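These notes are about the structure you will find just below.
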Amino acid sequence: MALAIFLTGLITFLAIIFSVMFEKFRIPDVLLLMVSGMLLGPLLHIVSPSDFGKVGEVATTIALIVILFEGGVNLKLDVIKESLDDTLGIMLSSFVVTAIFVSLIVHYSTGIDWLSALITGTILGGTSSAVVVPIINSLDMSEKSYIILFLESAFTDVICIVVSFALLSAYDSGNLSVGRITGKILASFTMAGLIGFLGATVWGVIIRKMRKIPNTMFSTLAFIFIIFGIAEFLGYSGAIASLAFGISLANLVKIPKEKMPFRIKGLRFSTVTKTERTFYSEVVFLLKTFFFVYLGLSMRLADFWVISIGFFITLTLMFGRLVVIRVFRARDIPWKDASYMSVMIPKGLAAAVLASIPAQRGITGGNLIRDIVYSVVFFSILFSAISVPLINKTFLKTVYSEIFGKNESQAQPS
């Protein structure tokens, strides 16, 4: 226990140093935090995830909730509407391409049956909000490009979880229903969004009174946790509910009264203040630090062959993502933004959690699937983190400008 507390304090100071290094040398802090976790855990065996008990799993979930909320508060509703079609095109095509590529590689390199290989592909089909959001927050991107990457990372967690569990059920029963999968995804998005909106409506009314009570800075976060818990208890996505809560809380005050539903026209809404935004940003910094170190601690370093498969899968996904962005990128997205979007393939918490499910369910090759997924999680974060500075400072800048058709007349990032 004493060692875990000591390392928590040490890692927090290291995170501050890493953030300074990122600002000065563009060495990604998320990567350094994850490597620190790997050194402390699977490499040197100083500490393990079990030392944190259930606290580790709870803290990583809280990190995801707060990151999505804090990001949602900074999103504008009108820009979200403009970006939604592009987000859906990129998100769905990336998911399908990833699932296909991973399935092919896993099947032919390991001999695992096709359904198990496809389960591996769907587990790795999304991108991680906890990885993507900190990276894109540091980039000079247009608002539309930022929102596309943000929403994609939030939405794909739901798709990965629903589709992966549906395939696992199909493995057990031998019956796969595409309609049922689609219905579950749509229901999760719709109902979770509604729960988040209703929660923001309630909180937007009472937050003004809450501020009159001392020591209530954490009250908004506490309310988000309640919203998350309600959504999950009802079988919907707590992550999407948290995102919808943040977006709604920030934008309710901007919606003209005449456009609001009749029953809430007369209500006075408040949103988060500048001081509260700064506070939430500090909370995100601490939670992000713990998340990436814990993810590093949780890595399973298997044999060289499995690591090689993970490395090759990640290279293939980088190529597939490049093609997807080249095809589905909107014309008003600047070439540099498209370059950043093409390297945003990091996998994270959802993939790491789902990775252990096949073995628990007795799927053939379940342990191998888990180790491959962990390998891809590491390499995908590594590649995404180092690609951004390489695009800015090396010959890759010229390569990507040619691929995406650099045009000085395009709208510049805001």
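Residues are named by chain letter and number: chains run A, B, ... in the order of the structure tokens, numbers start at 1 in each chain, and ligands are numbered from 1 in the order shown.
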
Hey, which bits of stretch 125-212 of chain A sit within 12 Å of stretch 310-318 of chain A, and for each residue what's the closest pair of atoms and how far apart in Å (one decimal), counting only C-alpha atoms, rows by chain and increasing number, as a tab-separated table?
residue	atom	partner	partner_atom	distance
A:Gly125	CA	A:Leu317	CA	9.8
A:Gly126	CA	A:Leu317	CA	11.1
A:Thr127	CA	A:Leu317	CA	11.5

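Proximity of A:Ala244, A:Ile363, A:Val178, A:Val162 to A:Thr201, computed with only C-alpha atoms, is greatest for A:Ala244.
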
Task: Distance of atom CA of A:Ile230 from atom CA of A:Gly204, expressed in Å to one decimal place - done: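 For atom CA of A:Gly204 relative to atom CA of A:Ile230, the distance reads 18.1 Å.
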
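Ranking A:Ser103, A:Thr8, A:Thr98, A:Thr220 by their shortest atom-to-atom distance to A:Val73, with only C-alpha atoms included, puts A:Thr220 first.
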
I'd like a table as JSON lines: residues in stretch 291-326 of chain A with an atom no more than 9 Å from stretch 47-57 of chain A, each row giving the shortest atom pair and its distance in Å to one decimal, only C-alpha atoms counted, sorted by chain and rising residue number.
{"residue": "A:Phe291", "atom": "CA", "partner": "A:Gly56", "partner_atom": "CA", "distance": 8.5}
{"residue": "A:Tyr294", "atom": "CA", "partner": "A:Pro49", "partner_atom": "CA", "distance": 6.9}
{"residue": "A:Leu295", "atom": "CA", "partner": "A:Pro49", "partner_atom": "CA", "distance": 8.9}
{"residue": "A:Leu297", "atom": "CA", "partner": "A:Pro49", "partner_atom": "CA", "distance": 6.0}
{"residue": "A:Ser298", "atom": "CA", "partner": "A:Pro49", "partner_atom": "CA", "distance": 6.1}

Please produce a file of those selected residues containing C-alpha atoms, as a compact mmCIF listing (two decimals), in the first residue's frame.
# COMPACT_ATOMS: atom_id res chain seq x y z
CA PHE A 291 -5.34 6.02 -16.83
CA TYR A 294 -2.59 1.87 -15.25
CA LEU A 295 -2.95 0.86 -18.90
CA LEU A 297 0.71 -1.71 -15.85
CA SER A 298 -2.01 -3.87 -17.39

Open item on the list: Neighbouring residues of A:Ile17 were defined as those with any atom within 12 Å, considering only C-alpha atoms; residues of the same chain fewer than 3 positions away were excluded. Please report them as a list in words.
Closed with: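 Close residues of A:Ile17: Leu10, Ile11, Thr12, Phe13, Leu14, Val20, Met21, Phe22, Glu23, Lys24, Phe25, Ile27, Pro28, Asp29, Val30, Leu32, Leu33 and Thr289 of chain A.
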
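Picture a line from atom CA of A:Leu249 to atom CA of A:Met210; it runs 15.0 Å.
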
I'd like the contact shell of A:Pro42 - 7 Å cut-off, only C-alpha atoms, skipping same-chain residues fewer than 6 positions apart - returned as a PDB file with N, CA and C atoms, in the first residue's frame.
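Below you can see part_27.pdb, which holds the result:
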ATOM      1  N   LEU A 297       0.600  -0.637 -16.844  1.00  0.00           N
ATOM      2  CA  LEU A 297       0.712  -1.712 -15.851  1.00  0.00           C
ATOM      3  C   LEU A 297      -0.040  -2.967 -16.295  1.00  0.00           C
ATOM      4  N   MET A 299      -0.540  -4.073 -19.347  1.00  0.00           N
ATOM      5  CA  MET A 299      -0.071  -4.705 -20.568  1.00  0.00           C
ATOM      6  C   MET A 299       0.454  -6.109 -20.296  1.00  0.00           C
ATOM      7  N   ARG A 300       0.172  -7.019 -21.217  1.00  0.00           N
ATOM      8  CA  ARG A 300       0.696  -8.376 -21.140  1.00  0.00           C
ATOM      9  C   ARG A 300       1.702  -8.561 -22.270  1.00  0.00           C
ATOM     10  N   LEU A 301       2.970  -8.699 -21.918  1.00  0.00           N
ATOM     11  CA  LEU A 301       4.016  -8.857 -22.917  1.00  0.00           C
ATOM     12  C   LEU A 301       4.208 -10.353 -23.189  1.00  0.00           C
TER      13      LEU A 301
END

Could you go through stretch 220-312 of chain A and tell me which residues DSSP, when run on the backbone, assigns to helix (DSSP H, G or I), listing them as a compact mmCIF listing (two decimals) with N, CA and C atoms, in the first residue's frame?
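New file states_4.txt:
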# COMPACT_ATOMS: atom_id res chain seq x y z
N THR A 220 -21.06 18.89 -9.76
CA THR A 220 -21.39 18.57 -11.15
C THR A 220 -20.82 17.21 -11.53
N LEU A 221 -19.58 16.95 -11.11
CA LEU A 221 -18.98 15.63 -11.40
C LEU A 221 -19.79 14.52 -10.72
N ALA A 222 -20.20 14.77 -9.49
CA ALA A 222 -21.00 13.77 -8.78
C ALA A 222 -22.30 13.49 -9.52
N PHE A 223 -22.91 14.53 -10.07
CA PHE A 223 -24.17 14.36 -10.80
C PHE A 223 -23.94 13.57 -12.09
N ILE A 224 -22.79 13.80 -12.74
CA ILE A 224 -22.47 13.05 -13.96
C ILE A 224 -22.33 11.56 -13.64
N PHE A 225 -21.69 11.26 -12.51
CA PHE A 225 -21.55 9.85 -12.13
C PHE A 225 -22.92 9.20 -11.93
N ILE A 226 -23.86 9.96 -11.38
CA ILE A 226 -25.22 9.45 -11.20
C ILE A 226 -25.85 9.17 -12.57
N ILE A 227 -25.69 10.12 -13.50
CA ILE A 227 -26.23 9.95 -14.85
C ILE A 227 -25.60 8.73 -15.52
N PHE A 228 -24.29 8.59 -15.39
CA PHE A 228 -23.59 7.43 -15.96
C PHE A 228 -24.15 6.14 -15.37
N GLY A 229 -24.30 6.11 -14.05
CA GLY A 229 -24.80 4.91 -13.40
C GLY A 229 -26.21 4.54 -13.82
N ILE A 230 -27.07 5.55 -13.97
CA ILE A 230 -28.45 5.29 -14.41
C ILE A 230 -28.46 4.69 -15.81
N ALA A 231 -27.67 5.29 -16.72
CA ALA A 231 -27.62 4.79 -18.10
C ALA A 231 -27.12 3.35 -18.15
N GLU A 232 -26.05 3.06 -17.42
CA GLU A 232 -25.50 1.70 -17.42
C GLU A 232 -26.47 0.71 -16.78
N PHE A 233 -27.13 1.13 -15.71
CA PHE A 233 -28.09 0.25 -15.03
C PHE A 233 -29.23 -0.14 -15.96
N GLY A 238 -23.21 4.51 -20.66
CA GLY A 238 -22.95 5.60 -19.72
C GLY A 238 -22.00 6.62 -20.29
N ALA A 239 -21.07 6.18 -21.15
CA ALA A 239 -20.12 7.11 -21.77
C ALA A 239 -20.84 8.11 -22.67
N ILE A 240 -21.76 7.63 -23.50
CA ILE A 240 -22.52 8.52 -24.38
C ILE A 240 -23.41 9.44 -23.56
N ALA A 241 -23.98 8.93 -22.47
CA ALA A 241 -24.80 9.78 -21.59
C ALA A 241 -23.96 10.90 -20.99
N SER A 242 -22.73 10.60 -20.61
CA SER A 242 -21.83 11.62 -20.05
C SER A 242 -21.49 12.68 -21.10
N LEU A 243 -21.23 12.23 -22.33
CA LEU A 243 -20.94 13.17 -23.41
C LEU A 243 -22.16 14.04 -23.71
N ALA A 244 -23.34 13.42 -23.80
CA ALA A 244 -24.57 14.17 -24.08
C ALA A 244 -24.86 15.16 -22.97
N PHE A 245 -24.56 14.78 -21.73
CA PHE A 245 -24.75 15.68 -20.60
C PHE A 245 -23.89 16.93 -20.76
N GLY A 246 -22.61 16.74 -21.10
CA GLY A 246 -21.70 17.87 -21.25
C GLY A 246 -22.11 18.79 -22.39
N ILE A 247 -22.44 18.19 -23.54
CA ILE A 247 -22.87 18.99 -24.70
C ILE A 247 -24.14 19.78 -24.38
N SER A 248 -25.11 19.12 -23.76
CA SER A 248 -26.40 19.76 -23.45
C SER A 248 -26.22 20.87 -22.42
N LEU A 249 -25.44 20.61 -21.38
CA LEU A 249 -25.24 21.62 -20.34
C LEU A 249 -24.60 22.88 -20.90
N ALA A 250 -23.70 22.71 -21.86
CA ALA A 250 -23.02 23.86 -22.44
C ALA A 250 -23.89 24.62 -23.43
N ASN A 251 -24.84 23.94 -24.06
CA ASN A 251 -25.57 24.55 -25.17
C ASN A 251 -27.03 24.90 -24.86
N LEU A 252 -27.57 24.42 -23.74
CA LEU A 252 -28.96 24.75 -23.41
C LEU A 252 -29.18 26.26 -23.30
N VAL A 253 -28.20 26.96 -22.74
CA VAL A 253 -28.34 28.41 -22.55
C VAL A 253 -28.30 29.16 -23.88
N LYS A 254 -27.84 28.49 -24.95
CA LYS A 254 -27.70 29.15 -26.25
C LYS A 254 -28.90 28.90 -27.16
N LYS A 257 -35.50 30.38 -26.84
CA LYS A 257 -36.65 29.86 -26.09
C LYS A 257 -37.73 29.29 -27.00
N GLU A 258 -37.92 29.92 -28.16
CA GLU A 258 -39.00 29.47 -29.03
C GLU A 258 -38.72 28.10 -29.67
N LYS A 259 -37.45 27.68 -29.66
CA LYS A 259 -37.10 26.39 -30.23
C LYS A 259 -37.08 25.26 -29.21
N PHE A 262 -42.09 22.74 -25.20
CA PHE A 262 -43.01 23.63 -24.46
C PHE A 262 -42.75 23.62 -22.96
N ARG A 263 -42.55 22.46 -22.40
CA ARG A 263 -42.50 22.34 -20.94
C ARG A 263 -41.24 22.96 -20.32
N ILE A 264 -40.20 23.22 -21.10
CA ILE A 264 -38.98 23.79 -20.51
C ILE A 264 -38.69 25.21 -21.00
N LYS A 274 -16.12 29.68 -16.13
CA LYS A 274 -14.73 29.57 -16.55
C LYS A 274 -13.88 28.93 -15.46
N THR A 275 -14.16 29.29 -14.21
CA THR A 275 -13.42 28.69 -13.09
C THR A 275 -13.66 27.19 -13.01
N GLU A 276 -14.91 26.78 -13.21
CA GLU A 276 -15.23 25.35 -13.18
C GLU A 276 -14.58 24.61 -14.33
N ARG A 277 -14.52 25.24 -15.51
CA ARG A 277 -13.85 24.60 -16.65
C ARG A 277 -12.37 24.37 -16.34
N THR A 278 -11.73 25.36 -15.71
CA THR A 278 -10.32 25.21 -15.34
C THR A 278 -10.15 24.07 -14.34
N PHE A 279 -11.06 24.01 -13.39
CA PHE A 279 -11.01 22.95 -12.38
C PHE A 279 -11.17 21.57 -13.04
N TYR A 280 -12.13 21.44 -13.94
CA TYR A 280 -12.34 20.16 -14.62
C TYR A 280 -11.13 19.77 -15.46
N SER A 281 -10.49 20.77 -16.04
CA SER A 281 -9.27 20.51 -16.82
C SER A 281 -8.17 19.91 -15.94
N GLU A 282 -8.04 20.42 -14.71
CA GLU A 282 -7.05 19.88 -13.78
C GLU A 282 -7.41 18.45 -13.37
N VAL A 283 -8.70 18.20 -13.17
CA VAL A 283 -9.14 16.85 -12.81
C VAL A 283 -8.84 15.88 -13.95
N VAL A 284 -9.10 16.31 -15.19
CA VAL A 284 -8.80 15.48 -16.35
C VAL A 284 -7.32 15.15 -16.42
N PHE A 285 -6.47 16.13 -16.12
CA PHE A 285 -5.03 15.91 -16.14
C PHE A 285 -4.63 14.79 -15.18
N LEU A 286 -5.16 14.83 -13.96
CA LEU A 286 -4.82 13.81 -12.97
C LEU A 286 -5.37 12.43 -13.37
N LEU A 287 -6.61 12.40 -13.84
CA LEU A 287 -7.21 11.14 -14.22
C LEU A 287 -6.55 10.55 -15.45
N LYS A 288 -6.19 11.42 -16.40
CA LYS A 288 -5.48 10.95 -17.59
C LYS A 288 -4.15 10.32 -17.21
N THR A 289 -3.46 10.93 -16.26
CA THR A 289 -2.18 10.40 -15.78
C THR A 289 -2.36 8.98 -15.25
N PHE A 290 -3.33 8.81 -14.38
CA PHE A 290 -3.57 7.49 -13.79
C PHE A 290 -3.98 6.50 -14.87
N PHE A 291 -4.83 6.92 -15.80
CA PHE A 291 -5.34 6.02 -16.83
C PHE A 291 -4.21 5.40 -17.63
N PHE A 292 -3.29 6.22 -18.14
CA PHE A 292 -2.24 5.71 -19.01
C PHE A 292 -1.20 4.88 -18.25
N VAL A 293 -0.90 5.27 -17.04
CA VAL A 293 0.02 4.45 -16.24
C VAL A 293 -0.62 3.10 -15.93
N TYR A 294 -1.88 3.12 -15.55
CA TYR A 294 -2.59 1.87 -15.25
C TYR A 294 -2.69 0.99 -16.49
N LEU A 295 -2.89 1.61 -17.65
CA LEU A 295 -2.95 0.86 -18.90
C LEU A 295 -1.60 0.20 -19.17
N GLY A 296 -0.50 0.93 -18.89
CA GLY A 296 0.84 0.35 -19.04
C GLY A 296 1.06 -0.80 -18.08
N LEU A 297 0.60 -0.64 -16.84
CA LEU A 297 0.71 -1.71 -15.85
C LEU A 297 -0.04 -2.97 -16.29
N SER A 298 -1.14 -2.76 -17.01
CA SER A 298 -2.01 -3.87 -17.39
C SER A 298 -1.56 -4.61 -18.65
N PHE A 304 7.41 -13.26 -28.71
CA PHE A 304 7.79 -12.37 -29.79
C PHE A 304 6.84 -12.48 -30.98
N TRP A 305 6.34 -13.68 -31.26
CA TRP A 305 5.45 -13.89 -32.39
C TRP A 305 4.16 -13.09 -32.23
N VAL A 306 3.59 -13.12 -31.04
CA VAL A 306 2.35 -12.37 -30.77
C VAL A 306 2.61 -10.87 -30.89
N ILE A 307 3.74 -10.40 -30.34
CA ILE A 307 4.10 -8.99 -30.44
C ILE A 307 4.26 -8.59 -31.90
N SER A 308 4.86 -9.48 -32.70
CA SER A 308 5.05 -9.20 -34.13
C SER A 308 3.71 -9.09 -34.85
N ILE A 309 2.77 -9.96 -34.49
CA ILE A 309 1.43 -9.88 -35.09
C ILE A 309 0.78 -8.55 -34.75
N GLY A 310 0.89 -8.13 -33.48
CA GLY A 310 0.33 -6.84 -33.08
C GLY A 310 0.95 -5.69 -33.83
N PHE A 311 2.27 -5.76 -34.03
CA PHE A 311 2.98 -4.71 -34.76
C PHE A 311 2.50 -4.65 -36.21
N PHE A 312 2.38 -5.80 -36.85
CA PHE A 312 1.95 -5.85 -38.25
C PHE A 312 0.50 -5.39 -38.39

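The interatomic distance for the pair atom CA of A:Ala351 and atom CA of A:Leu168 works out to 14.6 Å.
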
TODO: Give the answer as one residue: which of A:Leu31, A:Leu68, A:Leu104, A:Leu124 has the shortest atom-to-atom distance to A:Ser387, using only C-alpha atoms?
DONE: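 Checking each of A:Leu31, A:Leu68, A:Leu104, A:Leu124 against A:Ser387, counting only C-alpha atoms, the winner is A:Leu31.
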
Task: Within 10 Å of A:Leu349 using only C-alpha atoms, minus same-chain residues under 3 positions, as a PyMOL selection string - done: chain A and resi 57+60-61+64+127-131+157+291-292+295+352-355+377

Stretch 148-150 of chain A surroundings by only C-alpha atoms, 9 Å radius, close-in-sequence under 5 positions cut, as a JSON list (two decimals) with C-alpha atoms, in the first residue's frame:
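And here's out.json as it stands now:
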[["chain", "number", "residue", "atom", "x", "y", "z"],
["A", 68, "LEU", "CA", -15.96, 12.91, -22.27],
["A", 71, "GLY", "CA", -14.74, 17.64, -23.92],
["A", 72, "GLY", "CA", -18.51, 17.82, -24.45],
["A", 80, "ILE", "CA", -21.66, 19.15, -34.21],
["A", 83, "SER", "CA", -19.77, 17.44, -38.61],
["A", 84, "LEU", "CA", -22.14, 14.54, -37.88],
["A", 86, "ASP", "CA", -18.67, 13.20, -41.92],
["A", 87, "THR", "CA", -18.21, 11.59, -38.49],
["A", 88, "LEU", "CA", -20.57, 8.73, -39.31],
["A", 90, "ILE", "CA", -15.40, 7.94, -41.21],
["A", 91, "MET", "CA", -16.47, 6.06, -38.07],
["A", 129, "SER", "CA", -11.47, 8.79, -26.26],
["A", 132, "VAL", "CA", -7.53, 10.71, -28.78],
["A", 133, "VAL", "CA", -8.88, 13.68, -26.80],
["A", 136, "ILE", "CA", -6.06, 16.47, -30.33],
["A", 143, "GLU", "CA", -13.21, 22.96, -35.01],
["A", 155, "PHE", "CA", -19.22, 6.57, -30.47],
["A", 341, "MET", "CA", -7.05, 12.23, -38.68],
["A", 344, "MET", "CA", -5.63, 8.59, -35.05]]

Task: Nearest candidate to A:Ser36 (options A:Leu390, A:Arg268, A:Ile62, A:Leu7; using only C-alpha atoms) - done: A:Leu7

- [ ] Find, counting only C-alpha atoms, the residue in A:Thr364, A:Asn74, A:Ser93, A:Ser270 that gets nearest to A:Lys209.
- [x] A:Ser270

- [ ] Name all residues at most 9 Å from A:Met191 (count only C-alpha atoms; drop same-chain ones fewer than 3 positions away) and give them as a PyMOL selection string.
- [x] chain A and resi 186-188+194-196+231+236-237+241
